[in-house]
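Presented below is the structure to which this report refers.
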Amino acid sequence: MGTATKVSLRKLGNSDIEISPLGLGTWQFSSGNGMVGRYWPSLKEEEMTEIVRLSLEGGINWFDTAEVYGKGKSEEALANALNALGEKSKDALIATKWWPAMRTSSSITKTIDNRLQFLKGRKIDLYQIHQPFSFSSVKSEMDAMAVLLTEKKIRSAGVSNFNESKMREAYEILKRHGYPMVSNQVKYSLLDRRIETNGVMKAAKELGITIIAYSPLEQGILSGKFHENPDLLKNLSGPRKYMSQFKPAGLAKTKPLIDVLERLAAEYEVSASQIALNWLIHFHGETVVAIPGASKRHHAEENIGALTFELTKKQMNEIDQISKQI
C-alpha cells in the first residue's frame, strides 16, 4: 500500500482543525437503507474500504456522513472502513450531521451517543445541523451544540443549507458561548452559484466560515460524459432521469462550459471533473472546500487527482465568465 500524498491543508472555519480542500462525501455508503439511502446502489464492504484507502492515500483527510444517510448505516460503514485500515486512518477526521425534521433541539444532546455508537467510538470532528427546518429555533439548536462542545462530545459545530440570516444567527449564538460556528454545507458548483448572490458566500468570507460544497459535479454533468455520449442518458435511474440538465436541451445549454473544461483538461492532462473541482476549491481562496462522492474506485482516483495541480487566475476567471453565462 502506498503512502499518503502531501496535500496543503486549510483551517476549518476559525477552529484549530485542518482539512484537505476536498473531503469524501459518503451518502453512497448508506447500504440502500432508508428513503435517502435508496438513491444509491449498495456497495460491498471491501469496495467502501478501498475507496476510503485511496482517498486517504491521495491526501484527503476528512469524510462527510450523516445520521439520515441510511439511518446511521453510512456512519457505520465509514467507521468500519477506517477501522479496517488501522494505522493509516488514525488521523482521519469525521464530519456528520443531526437530522432536524419533525424533531426539537433536545434530540441533539439525546441522540449524540447513538451517533458515536454508529461511528464505533471514533470522534466527531464536525457536527452539523443538516437543514434549517425543525420544531426548534436556531438559538436552541446552537445552545445544544454548545453543550456538546463543552462536554467534548464533538470538536466543532457547523450548519448545512442555512441561508445568510440563519447562518449569521447561528454564528452569533455560538460566539456568545465562546465557540466558532465553523461551516455551512450547501449546494454549490459551476452550474449552481446561488450562494454568490444570496449573501451566503459574502457572509462566510466576512465571518471566516468554511463553505462545504456538496454536489460539486452536479450529479456527473460537469464530467462531460453525457455531452460526449448522450446515449448514457437512456440508462439514468432515480431523480436524475427527470432533471432538465439531463435532457438534450439542458446538455446543449451547458456545452460551452464543458468545452472550456475539456480544453483545460487536455492542457493539464487531467479530466473535466478535475478542472471543475479545482476551480471550486481555489476560486474563492480558502473559503470553499468540496465533498465529491465516490461509489467506484475510479471516482476516488478522479477526486484525488483534482488536488495535484492549481489553475492559474486567468484560467479560473475564464471558467467563471463562461459559467455565469449559462
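Simple scheme: letters A, B, ... for chains in C-alpha cells order, numbers from 1 for residues in each chain, numbers from 1 for ligands in the order shown.
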Query - Secondary structure check, strand (DSSP E or B) residues of region 66-311 of chain A, as a PyMOL selection string - result: chain A and resi 93-98+124+126-129+154+157-160+181-187+189+192+210-214+288-290
Report task. Within 10 Å of Phe226 (chain A), counting only C-alpha atoms, which residues show up once you throw out same-chain ones fewer than 4 positions away? Write them as a ChimeraX atom specification, please. Result -> /A:220-222,230-233,246-248,251
Selection to disk with C-alpha atoms, as a JSON list (two decimals), in the first residue's frame:
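What ended up in part31.json:
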[["chain", "number", "residue", "atom", "x", "y", "z"],
["A", 220, "GLY", "CA", -21.91, 14.00, -13.08],
["A", 221, "ILE", "CA", -22.98, 16.64, -15.62],
["A", 222, "LEU", "CA", -19.67, 18.51, -15.20],
["A", 230, "PRO", "CA", -25.81, 11.24, -24.92],
["A", 231, "ASP", "CA", -26.79, 7.54, -25.10],
["A", 232, "LEU", "CA", -25.81, 7.36, -21.41],
["A", 233, "LEU", "CA", -28.97, 9.36, -20.65],
["A", 246, "PHE", "CA", -30.02, 15.71, -18.19],
["A", 247, "LYS", "CA", -32.30, 16.41, -21.17],
["A", 248, "PRO", "CA", -30.84, 17.21, -24.65],
["A", 251, "LEU", "CA", -26.86, 19.43, -22.35]]
**Report entry** Test item: residues at most 12 Å from Val147 (chain A), only C-alpha atoms, excluding those fewer than 6 positions along its chain, as JSON, numbers by chain
**Finding:** {"A": [105, 106, 108, 109, 110, 112, 140, 141, 153, 154, 155, 156, 157, 174, 177, 178, 179]}
Save the residues we just selected, N, CA and C atoms, as a PDB file, in the first residue's frame?
ATOM      1  N   SER A 105     -34.740  20.546  19.388  1.00  0.00           N
ATOM      2  CA  SER A 105     -33.299  20.605  19.645  1.00  0.00           C
ATOM      3  C   SER A 105     -32.852  19.680  20.788  1.00  0.00           C
ATOM      4  N   SER A 106     -33.771  19.269  21.642  1.00  0.00           N
ATOM      5  CA  SER A 106     -33.379  18.371  22.748  1.00  0.00           C
ATOM      6  C   SER A 106     -32.824  17.052  22.202  1.00  0.00           C
ATOM      7  N   ILE A 108     -30.716  16.759  19.889  1.00  0.00           N
ATOM      8  CA  ILE A 108     -29.286  16.902  19.563  1.00  0.00           C
ATOM      9  C   ILE A 108     -28.427  16.256  20.647  1.00  0.00           C
ATOM     10  N   THR A 109     -28.719  16.584  21.913  1.00  0.00           N
ATOM     11  CA  THR A 109     -27.934  16.004  23.007  1.00  0.00           C
ATOM     12  C   THR A 109     -28.370  14.568  23.314  1.00  0.00           C
ATOM     13  N   LYS A 110     -29.673  14.292  23.095  1.00  0.00           N
ATOM     14  CA  LYS A 110     -30.179  12.935  23.400  1.00  0.00           C
ATOM     15  C   LYS A 110     -29.643  11.867  22.443  1.00  0.00           C
ATOM     16  N   ILE A 112     -26.730  12.046  20.562  1.00  0.00           N
ATOM     17  CA  ILE A 112     -25.299  12.097  20.249  1.00  0.00           C
ATOM     18  C   ILE A 112     -24.601  10.759  20.526  1.00  0.00           C
ATOM     19  N   SER A 140     -31.973  27.580  20.079  1.00  0.00           N
ATOM     20  CA  SER A 140     -31.964  26.386  20.939  1.00  0.00           C
ATOM     21  C   SER A 140     -31.071  25.285  20.341  1.00  0.00           C
ATOM     22  N   GLU A 141     -30.982  25.242  19.009  1.00  0.00           N
ATOM     23  CA  GLU A 141     -30.099  24.243  18.381  1.00  0.00           C
ATOM     24  C   GLU A 141     -28.627  24.558  18.667  1.00  0.00           C
ATOM     25  N   LYS A 153     -18.016  16.187  23.379  1.00  0.00           N
ATOM     26  CA  LYS A 153     -18.597  15.084  22.587  1.00  0.00           C
ATOM     27  C   LYS A 153     -18.328  15.316  21.088  1.00  0.00           C
ATOM     28  N   ILE A 154     -18.133  16.608  20.735  1.00  0.00           N
ATOM     29  CA  ILE A 154     -17.817  16.984  19.356  1.00  0.00           C
ATOM     30  C   ILE A 154     -16.687  18.014  19.398  1.00  0.00           C
ATOM     31  N   ARG A 155     -15.915  18.109  18.298  1.00  0.00           N
ATOM     32  CA  ARG A 155     -14.785  19.063  18.277  1.00  0.00           C
ATOM     33  C   ARG A 155     -15.170  20.417  17.710  1.00  0.00           C
ATOM     34  N   SER A 156     -16.152  20.447  16.796  1.00  0.00           N
ATOM     35  CA  SER A 156     -16.574  21.730  16.229  1.00  0.00           C
ATOM     36  C   SER A 156     -18.012  21.599  15.742  1.00  0.00           C
ATOM     37  N   ALA A 157     -18.655  22.759  15.514  1.00  0.00           N
ATOM     38  CA  ALA A 157     -20.068  22.760  15.105  1.00  0.00           C
ATOM     39  C   ALA A 157     -20.251  23.579  13.832  1.00  0.00           C
ATOM     40  N   LEU A 174     -23.393  30.872  18.903  1.00  0.00           N
ATOM     41  CA  LEU A 174     -22.252  30.045  19.331  1.00  0.00           C
ATOM     42  C   LEU A 174     -21.119  30.917  19.863  1.00  0.00           C
ATOM     43  N   HIS A 177     -21.346  31.677  23.367  1.00  0.00           N
ATOM     44  CA  HIS A 177     -20.923  30.540  24.202  1.00  0.00           C
ATOM     45  C   HIS A 177     -19.398  30.377  24.187  1.00  0.00           C
ATOM     46  N   GLY A 178     -18.733  31.177  23.344  1.00  0.00           N
ATOM     47  CA  GLY A 178     -17.271  31.100  23.271  1.00  0.00           C
ATOM     48  C   GLY A 178     -16.741  30.136  22.229  1.00  0.00           C
ATOM     49  N   TYR A 179     -17.608  29.754  21.275  1.00  0.00           N
ATOM     50  CA  TYR A 179     -17.180  28.806  20.229  1.00  0.00           C
ATOM     51  C   TYR A 179     -17.404  29.383  18.833  1.00  0.00           C
TER      52      TYR A 179
END
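You can rank A:Ser237, A:Gln185, A:Ser42, A:Asn317 by their closest distance to Ala290 (chain A) using only C-alpha atoms, and at the top of that list sits A:Gln185.
For the atom pair formed by CA of Phe309 (chain A) and CA of Lys187 (chain A), the distance is 23.8 Å, given to one decimal.
Between Gly58 (chain A) and the residues A:Ala81, A:Leu24, A:Ala170, A:Ile211, the shortest atom-to-atom distance, using only C-alpha atoms, involves A:Leu24.
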Query raised in the report: Excluding same-chain residues fewer than 6 positions from Arg53 (chain A), what lies within 10 Å of it counting only C-alpha atoms, as a ChimeraX atom specification?
Result: /A:1-2,4,47,60,81-82,84-85,88-89,297,300
How would the residues just chosen look if you wrote them out with C-alpha atoms as a short mmCIF file (atom, residue, chain, number, x, y, z; two decimals), in the first residue's frame?
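part-v9.cif was written with the following content:
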data_model
loop_
_atom_site.label_atom_id
_atom_site.label_comp_id
_atom_site.auth_asym_id
_atom_site.auth_seq_id
_atom_site.Cartn_x
_atom_site.Cartn_y
_atom_site.Cartn_z
CA MET A 1 0.00 0.00 0.00
CA GLY A 2 1.26 3.49 -0.89
CA ALA A 4 -0.30 9.36 1.73
CA GLU A 47 -15.36 -1.60 -2.07
CA ILE A 60 -7.94 13.53 1.62
CA ALA A 81 -13.68 1.12 6.63
CA LEU A 82 -11.49 3.46 8.69
CA ALA A 84 -10.13 -1.79 8.88
CA LEU A 85 -7.31 0.46 7.66
CA LYS A 88 -3.40 4.55 8.05
CA SER A 89 -6.63 6.11 9.28
CA ARG A 297 -12.51 3.12 -7.33
CA ALA A 300 -11.88 8.20 -5.80
#
Query raised in the report: Pick the closest to Leu191 (chain A) from A:Ile326, A:Ile258, A:Leu236, A:Ile129: which is it, counting only C-alpha atoms?
Result: A:Ile326
